[in-house]
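Novice: Would you mind keeping the following structure in view while I ask a few things?
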Amino acid sequence: MYLSRIAIENFRNFRNLDVALAGSVVIVGENRVGKSNLVYGLRLIFDPSLPDSARDLQLGDFWDGIEEYERETRVKISVEIKDFEDDPDVLAVLTDFRIPGDPQTASLTYEFKARPGLLRAPASEKDFEFVCYGGRDLTRRFGYDVRSRITMDVLPALRDAEGDLAVWRRSPLRPLIDSAFATIDRDGLQGVADQIAAATGQLMDFQAVSDLEDDIAQSFRTMSGARQDVNPTLGFSATDASKLHRQIKLLIDSGQRGIAEASLGSANLIFLTLKTMELHNLIAGDKRDHSLLAIEEPEAHLHPHLQRLVYRSLFQDASEPEDDGLDPPLSVIMTTHSPHIASVAPVRSLVLLREEEGETVGCSTASLDLSVSEADDLARYLDITRAEMLFARGIILVEGDAERFMVPRFAEELNIDLDGLGITVCSVAGTNFTPYAKFLESLKIPFSIITDFDPDADRGQKRTVALARLLDGIRTEKYDDDYFDELLGTDEWERFDQSIGEFGVFTNADTLEVDLFKGGFSAAIITGLREGDFGKVRRDRIDTWEDDPRSMDREHLLSMIEDIGKGRFAQRLATRVGGIDVPGYIKRAIEHLTDRV
């Protein structure tokens, strides 16, 4: 099973959030946008450790934009669940909560609403009550019966992993040890307990230890009085066989050190490892049917490489089928500020929250329409770039390193601070912008595309118009096929540029370096070419171009730049463009985006 949708009305940051989901969920967004509130909303439905008193919300939990309460005013949090039919245990829990007309989907809903029979507008918490129901039917109530089988565990941000591991009641090691020791014969345990008791007796044979024990006992008795005396003693461990297993501690460094001596990152990693083992054991022991593991800001105290390694493994654990072919009984829900974690998250798991006009809205990639190869390309790209796209307010997509170095420099010439606006320039290392445009559009992240026209037999027209057609299909349906057929056959290039610019696509007449040379940058480019280790023929050619820039040969220019290295050449060229007019298509691409962030 997996959560396929979450909808939230009038709860804290959210006036009306409605996002599709597709398995694991990775929630990203700026501070104070409501990531933790979304997780808490899910807890109201799924978390059995949350008492019903906590489900009785306060007026302060309503969306801030509500000025007056009416009888219809309510907090409503609803989830939809799919792919539960193949698991008979989960099916038994959810079968009564199927949505009418859609038996493959179940829904569970939490509402905090005015009490029945209230004849006036609610004015205080006492005028409200909470109900939990399924199947969009208020009469189908649920409670601990569902939460005990489909259960949510929450690991809060900046958790005290070391402290939780040290306290037997809270430690995820406890149920694992309890389960292991349940299979051990009591007589065998008693034998070990007798040996511990004997070792303790030998310890007490040392006079200094015996005197210390007597001093502690006497001091405690004097302070507490005889009636409060707990009879303290010194020893290695409790000697009761039934309690013996509680003395086992997890050690690190081959038994040389305890958890208290581990780093914060190691303690968190150990805690997460034990917790996932505990969840799997609970399901194997038929104590629950599915686990929702919510982890808030898991990047704390972990080195970036370890973040990627650990959470890539966790996502795989939550996606790979079980030995019996069933879906894994674990769903991961995560909030993060870390591009390293987001970079290894499944492409369709991402939920981006942002604030718009006093409320938090959300977009997801769950319904992203990508081919298998496009999805693979995008996943690799996000992994390599560390998912910087997700944390930007706007994206300029470019073909390669040359544009990646040059565009920020051109923005400076336009007195535009890309970093200050939260705009990132991302190279897709080619001309296949399709999956990246779809990805950004699904998350409603504004973007523009800078691409070379690359003239060839058909003047490069088909590729550029195909991209325009793609973006039109994503953004609007107001243009029909006749519009594109006409555009495809045009030789009115100014109109062509304006048309594709409507979709955020901006192109030049040729290739970046050639256009720059022809557009007033010839001196800067020639200076860069002179740094190449060229022979006499090429040096003479550069001299000729310097005397007469119109004599520049396109193929020879691009060949020389390729030999120097396009990225390296662009890096140096970026330092020499001060005071030169920015190419028109790059200027329009930058301004197109700055107007939208």
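Each chain in the structure tokens gets a letter, A, B, ..., in the order shown, and its residues are numbered from 1; ligands are numbered from 1 in order too.
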Can you pull out every residue from region 360-424 of chain A that DSSP, working from the backbone, puts in strand (DSSP E), and format the result as JSON, numbers by chain?

Specialist: {"A": [360, 361, 362, 363, 364, 394, 395, 396, 397, 398, 423, 424]}

Novice: Could the residues in this selection be saved with C-alpha atoms as an mmCIF file, in the first residue's frame?

Specialist:
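Now in result20.cif:
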```
data_model
loop_
_atom_site.group_PDB
_atom_site.id
_atom_site.type_symbol
_atom_site.label_atom_id
_atom_site.label_comp_id
_atom_site.auth_asym_id
_atom_site.auth_seq_id
_atom_site.Cartn_x
_atom_site.Cartn_y
_atom_site.Cartn_z
ATOM 1 C CA THR A 360 1.095 27.334 2.123
ATOM 2 C CA VAL A 361 0.527 25.617 -1.198
ATOM 3 C CA GLY A 362 2.095 22.421 -2.400
ATOM 4 C CA CYS A 363 3.094 20.713 -5.621
ATOM 5 C CA SER A 364 4.321 17.174 -6.139
ATOM 6 C CA GLY A 394 13.687 29.955 -10.268
ATOM 7 C CA ILE A 395 15.823 27.988 -12.713
ATOM 8 C CA ILE A 396 17.632 28.953 -15.907
ATOM 9 C CA LEU A 397 18.223 25.763 -17.892
ATOM 10 C CA VAL A 398 21.215 25.869 -20.227
ATOM 11 C CA ILE A 423 17.737 31.803 -9.155
ATOM 12 C CA THR A 424 20.044 28.943 -10.132
#
```

Novice: Sorted by chain and rising residue number, which residues of region 340-457 of chain A lie within 12 Å of region 576-581 of chain A, and what are their closest atom pairs and distances in Å to one decimal, counting only C-alpha atoms, as JSON lines?

Specialist:
```
{"residue": "A:Phe405", "atom": "CA", "partner": "A:Val577", "partner_atom": "CA", "distance": 11.9}
{"residue": "A:Met406", "atom": "CA", "partner": "A:Val577", "partner_atom": "CA", "distance": 9.1}
{"residue": "A:Val407", "atom": "CA", "partner": "A:Val577", "partner_atom": "CA", "distance": 11.2}
{"residue": "A:Pro408", "atom": "CA", "partner": "A:Val577", "partner_atom": "CA", "distance": 11.6}
{"residue": "A:Arg409", "atom": "CA", "partner": "A:Val577", "partner_atom": "CA", "distance": 8.0}
{"residue": "A:Phe410", "atom": "CA", "partner": "A:Val577", "partner_atom": "CA", "distance": 8.0}
{"residue": "A:Ala411", "atom": "CA", "partner": "A:Gly578", "partner_atom": "CA", "distance": 11.1}
{"residue": "A:Glu412", "atom": "CA", "partner": "A:Gly578", "partner_atom": "CA", "distance": 9.1}
{"residue": "A:Glu413", "atom": "CA", "partner": "A:Gly578", "partner_atom": "CA", "distance": 6.9}
{"residue": "A:Leu414", "atom": "CA", "partner": "A:Asp581", "partner_atom": "CA", "distance": 9.0}
{"residue": "A:Asn415", "atom": "CA", "partner": "A:Gly579", "partner_atom": "CA", "distance": 11.7}
```

Novice: From the options A:Thr183, A:Glu513, A:Phe97, A:Gln58, which residue's atoms come nearest to Glu125 (chain A), counting only C-alpha atoms?

Specialist: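 Going through A:Thr183, A:Glu513, A:Phe97, A:Gln58 one by one, the smallest distance to Glu125 (chain A) is for A:Gln58.
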
Novice: Write down as a ChimeraX atom specification the residues belonging to region 46-289 of chain A that are assigned helix (DSSP H, G or I) by DSSP computed on the backbone.

Specialist: /A:46,52-55,59-61,88-97,125-127,144-147,161-166,173-181,186-204,207-224,226-228,241-247,259-261,264-284

Novice: Keeping only C-alpha atoms, write the selected residues as a short mmCIF file (atom, residue, chain, number, x, y, z; two decimals), in the first residue's frame.

Specialist:
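Dumped everything to again06.cif:
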```
data_model
loop_
_atom_site.label_atom_id
_atom_site.label_comp_id
_atom_site.auth_asym_id
_atom_site.auth_seq_id
_atom_site.Cartn_x
_atom_site.Cartn_y
_atom_site.Cartn_z
CA PHE A 46 -2.26 7.43 11.96
CA ASP A 52 -7.19 11.71 21.87
CA SER A 53 -6.75 14.83 24.00
CA ALA A 54 -4.15 15.98 21.45
CA ARG A 55 -6.64 15.36 18.65
CA LEU A 59 -8.54 27.60 17.94
CA GLY A 60 -4.93 28.50 17.25
CA ASP A 61 -4.67 25.38 15.06
CA PRO A 88 -4.73 -9.56 2.87
CA ASP A 89 -3.90 -8.03 6.27
CA VAL A 90 -4.00 -4.43 5.02
CA LEU A 91 -7.06 -5.26 2.91
CA ALA A 92 -8.88 -6.46 6.01
CA VAL A 93 -8.17 -3.15 7.75
CA LEU A 94 -9.12 -0.88 4.85
CA THR A 95 -11.85 -2.74 2.99
CA ASP A 96 -14.66 -0.91 4.83
CA PHE A 97 -13.14 2.46 3.93
CA GLU A 125 -12.63 24.80 21.65
CA LYS A 126 -15.55 23.39 23.64
CA ASP A 127 -17.81 24.01 20.68
CA TYR A 144 -7.08 2.60 17.58
CA ASP A 145 -8.31 -0.40 15.61
CA VAL A 146 -6.85 1.08 12.42
CA ARG A 147 -3.93 2.96 13.99
CA ALA A 161 19.25 9.58 19.83
CA GLU A 162 21.86 8.91 22.52
CA GLY A 163 19.34 9.56 25.29
CA ASP A 164 16.67 7.37 23.68
CA LEU A 165 19.14 4.52 23.23
CA ALA A 166 20.18 4.81 26.88
CA LEU A 173 16.88 -2.00 20.93
CA ARG A 174 14.40 -3.08 23.65
CA PRO A 175 11.81 -4.86 21.47
CA LEU A 176 14.57 -6.53 19.44
CA ILE A 177 16.19 -7.94 22.60
CA ASP A 178 12.81 -8.85 24.11
CA SER A 179 11.99 -10.82 20.95
CA ALA A 180 15.37 -12.58 20.90
CA PHE A 181 15.29 -13.56 24.59
CA ARG A 186 14.59 -20.05 31.32
CA ASP A 187 16.96 -22.59 32.86
CA GLY A 188 19.74 -21.44 30.55
CA LEU A 189 19.18 -17.84 31.61
CA GLN A 190 19.17 -18.81 35.26
CA GLY A 191 22.59 -20.40 34.81
CA VAL A 192 23.97 -17.12 33.47
CA ALA A 193 22.27 -15.20 36.29
CA ASP A 194 23.97 -17.48 38.86
CA GLN A 195 27.34 -16.80 37.28
CA ILE A 196 26.74 -13.04 37.43
CA ALA A 197 25.73 -13.37 41.09
CA ALA A 198 28.93 -15.30 41.79
CA ALA A 199 31.02 -12.64 40.04
CA THR A 200 29.26 -9.96 42.06
CA GLY A 201 30.07 -11.85 45.25
CA GLN A 202 33.73 -11.98 44.28
CA LEU A 203 33.63 -8.23 43.65
CA MET A 204 32.29 -7.61 47.13
CA GLN A 207 37.25 -4.67 51.32
CA ALA A 208 37.34 -1.23 49.61
CA VAL A 209 34.32 -2.11 47.45
CA SER A 210 32.41 -3.58 50.40
CA ASP A 211 33.10 -0.48 52.51
CA LEU A 212 31.94 1.79 49.66
CA GLU A 213 28.69 -0.16 49.33
CA ASP A 214 28.07 0.12 53.08
CA ASP A 215 28.80 3.89 53.02
CA ILE A 216 26.36 4.45 50.13
CA ALA A 217 23.63 2.41 51.80
CA GLN A 218 24.10 4.18 55.16
CA SER A 219 24.16 7.64 53.57
CA PHE A 220 20.98 6.97 51.61
CA ARG A 221 19.22 5.57 54.70
CA THR A 222 20.19 8.62 56.73
CA MET A 223 18.89 11.01 54.04
CA SER A 224 15.68 9.18 53.15
CA ALA A 226 13.98 3.79 56.86
CA ARG A 227 10.58 3.82 55.14
CA GLN A 228 12.04 5.23 51.87
CA ALA A 241 16.91 -14.21 35.19
CA SER A 242 13.69 -12.55 33.96
CA LYS A 243 15.37 -9.14 33.94
CA LEU A 244 18.80 -10.20 32.79
CA HIS A 245 18.32 -9.15 29.17
CA ARG A 246 17.65 -5.54 30.19
CA GLN A 247 21.30 -5.17 31.12
CA ILE A 259 26.90 4.66 22.79
CA ALA A 260 27.62 7.61 25.07
CA GLU A 261 31.06 7.83 23.46
CA LEU A 264 25.99 12.47 17.39
CA GLY A 265 25.90 11.30 13.79
CA SER A 266 26.80 7.72 14.71
CA ALA A 267 24.19 7.66 17.46
CA ASN A 268 21.51 8.86 15.04
CA LEU A 269 22.56 6.28 12.47
CA ILE A 270 22.48 3.49 15.06
CA PHE A 271 19.04 4.64 16.24
CA LEU A 272 17.65 4.68 12.67
CA THR A 273 19.10 1.22 11.96
CA LEU A 274 17.51 -0.25 15.08
CA LYS A 275 14.23 1.54 14.43
CA THR A 276 13.82 0.12 10.93
CA MET A 277 14.67 -3.35 12.27
CA GLU A 278 12.04 -2.89 14.98
CA LEU A 279 9.38 -1.89 12.42
CA HIS A 280 10.09 -4.93 10.25
CA ASN A 281 9.98 -7.21 13.32
CA LEU A 282 6.64 -5.77 14.43
CA ILE A 283 5.14 -6.63 11.06
CA ALA A 284 6.78 -10.07 10.98
#
```

Novice: Kindly give the distance, in Å, that separates CA of Phe517 (chain A) and CA of Asp548 (chain A), rounded to a single decimal.

Specialist: 11.8 Å

Novice: Using only C-alpha atoms, find the one residue out of A:Glu70, A:Asp547, A:Asp56, A:Asp18 that sits nearest to Ala121 (chain A).

Specialist: A:Glu70

Novice: Could you pull the residues within 12 Å of region 425-432 of chain A, counting only C-alpha atoms, minus those fewer than 5 positions along the same chain, as a ChimeraX atom specification?

Specialist: /A:373-374,377-378,380-382,384-390,392-411,418-419,437-438,440,447-454,460,463-464,466-467,470,507,566-567,589-590,593

Novice: Quick one: everything within 8 Å of region 106-119 of chain A, counting only C-alpha atoms, minus sequence neighbours fewer than 5 positions away in the same chain. Send it as a ChimeraX atom specification.

Specialist: /A:44-45,56-57,71-82,94-95,97-99,127-136

Novice: Take the residues just selected and output them with N, CA, C and O atoms as a compact mmCIF listing (two decimals), in the first residue's frame.

Specialist:
```txt
# COMPACT_ATOMS: atom_id res chain seq x y z
N LEU A 44 -2.41 12.94 13.22
CA LEU A 44 -3.79 12.97 13.71
C LEU A 44 -4.60 11.80 13.18
O LEU A 44 -5.56 11.34 13.83
N ILE A 45 -4.21 11.27 12.04
CA ILE A 45 -4.91 10.12 11.46
C ILE A 45 -4.28 8.81 11.91
O ILE A 45 -4.99 7.88 12.31
N ASP A 56 -8.04 16.78 20.02
CA ASP A 56 -8.92 17.93 20.26
C ASP A 56 -8.08 19.19 20.10
O ASP A 56 -7.35 19.59 21.00
N LEU A 57 -8.17 19.79 18.94
CA LEU A 57 -7.31 20.92 18.60
C LEU A 57 -7.73 22.18 19.35
O LEU A 57 -8.74 22.20 20.07
N ARG A 71 -20.62 27.68 11.57
CA ARG A 71 -20.92 26.28 11.88
C ARG A 71 -20.22 25.34 10.89
O ARG A 71 -19.94 24.19 11.22
N GLU A 72 -19.96 25.83 9.68
CA GLU A 72 -19.31 24.98 8.67
C GLU A 72 -17.79 25.03 8.76
O GLU A 72 -17.11 24.29 8.04
N THR A 73 -17.25 25.90 9.61
CA THR A 73 -15.79 26.01 9.73
C THR A 73 -15.22 24.74 10.35
O THR A 73 -15.67 24.31 11.42
N ARG A 74 -14.24 24.18 9.71
CA ARG A 74 -13.67 22.93 10.22
C ARG A 74 -12.23 22.75 9.74
O ARG A 74 -11.83 23.32 8.72
N VAL A 75 -11.48 21.96 10.49
CA VAL A 75 -10.19 21.44 10.03
C VAL A 75 -10.47 20.06 9.46
O VAL A 75 -11.15 19.24 10.10
N LYS A 76 -9.96 19.82 8.28
CA LYS A 76 -10.17 18.51 7.64
C LYS A 76 -8.87 18.04 7.04
O LYS A 76 -8.24 18.75 6.26
N ILE A 77 -8.45 16.84 7.42
CA ILE A 77 -7.24 16.23 6.90
C ILE A 77 -7.61 14.85 6.38
O ILE A 77 -8.15 14.03 7.12
N SER A 78 -7.35 14.62 5.11
CA SER A 78 -7.78 13.37 4.49
C SER A 78 -6.63 12.77 3.68
O SER A 78 -5.86 13.50 3.04
N VAL A 79 -6.52 11.45 3.72
CA VAL A 79 -5.54 10.75 2.89
C VAL A 79 -6.26 9.69 2.07
O VAL A 79 -7.30 9.16 2.49
N GLU A 80 -5.72 9.43 0.90
CA GLU A 80 -6.19 8.31 0.08
C GLU A 80 -5.08 7.28 -0.02
O GLU A 80 -3.89 7.64 -0.04
N ILE A 81 -5.47 6.01 -0.08
CA ILE A 81 -4.52 4.90 -0.05
C ILE A 81 -4.83 3.97 -1.22
O ILE A 81 -5.99 3.64 -1.47
N LYS A 82 -3.79 3.55 -1.92
CA LYS A 82 -3.93 2.64 -3.05
C LYS A 82 -3.04 1.41 -2.88
O LYS A 82 -2.19 1.36 -1.99
N LEU A 94 -8.64 -2.01 5.64
CA LEU A 94 -9.12 -0.88 4.85
C LEU A 94 -10.36 -1.17 4.02
O LEU A 94 -10.94 -0.24 3.45
N THR A 95 -10.78 -2.41 3.93
CA THR A 95 -11.85 -2.74 2.99
C THR A 95 -13.14 -1.98 3.26
O THR A 95 -13.88 -1.65 2.32
N PHE A 97 -13.35 1.02 4.14
CA PHE A 97 -13.14 2.46 3.93
C PHE A 97 -12.83 2.79 2.46
O PHE A 97 -12.23 3.80 2.15
N ARG A 98 -13.27 1.91 1.54
CA ARG A 98 -13.11 2.18 0.12
C ARG A 98 -13.99 3.36 -0.28
O ARG A 98 -15.08 3.57 0.28
N ILE A 99 -13.52 4.11 -1.26
CA ILE A 99 -14.28 5.26 -1.75
C ILE A 99 -15.39 4.76 -2.67
O ILE A 99 -15.14 3.95 -3.57
N ASP A 127 -16.75 24.11 21.68
CA ASP A 127 -17.81 24.01 20.68
C ASP A 127 -17.44 23.09 19.52
O ASP A 127 -18.24 22.88 18.60
N PHE A 128 -16.22 22.54 19.57
CA PHE A 128 -15.76 21.65 18.51
C PHE A 128 -15.51 20.25 19.05
O PHE A 128 -15.30 20.05 20.26
N GLU A 129 -15.49 19.29 18.16
CA GLU A 129 -15.11 17.92 18.48
C GLU A 129 -14.40 17.32 17.26
O GLU A 129 -14.56 17.80 16.14
N PHE A 130 -13.62 16.28 17.51
CA PHE A 130 -12.96 15.63 16.38
C PHE A 130 -13.65 14.31 16.08
O PHE A 130 -14.20 13.65 16.97
N VAL A 131 -13.62 13.93 14.82
CA VAL A 131 -14.10 12.62 14.39
C VAL A 131 -13.11 12.08 13.38
O VAL A 131 -12.48 12.83 12.62
N CYS A 132 -12.93 10.78 13.38
CA CYS A 132 -12.10 10.10 12.39
C CYS A 132 -12.97 9.07 11.68
O CYS A 132 -13.61 8.23 12.33
N TYR A 133 -13.03 9.15 10.37
CA TYR A 133 -13.90 8.26 9.62
C TYR A 133 -13.23 7.90 8.30
O TYR A 133 -12.27 8.53 7.86
N GLY A 134 -13.76 6.88 7.64
CA GLY A 134 -13.19 6.42 6.38
C GLY A 134 -14.23 6.33 5.29
O GLY A 134 -15.45 6.41 5.52
N GLY A 135 -13.73 6.17 4.06
CA GLY A 135 -14.63 6.02 2.92
C GLY A 135 -15.48 7.23 2.63
O GLY A 135 -16.52 7.11 1.97
N ARG A 136 -15.07 8.40 3.14
CA ARG A 136 -15.83 9.65 2.96
C ARG A 136 -17.24 9.54 3.55
O ARG A 136 -18.16 10.24 3.11
```

Novice: Between CA of Glu359 (chain A) and CA of Arg15 (chain A), what is the spacing in Å?

Specialist: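 We find that CA of Arg15 (chain A) and CA of Glu359 (chain A) lie 6.1 Å from each other.
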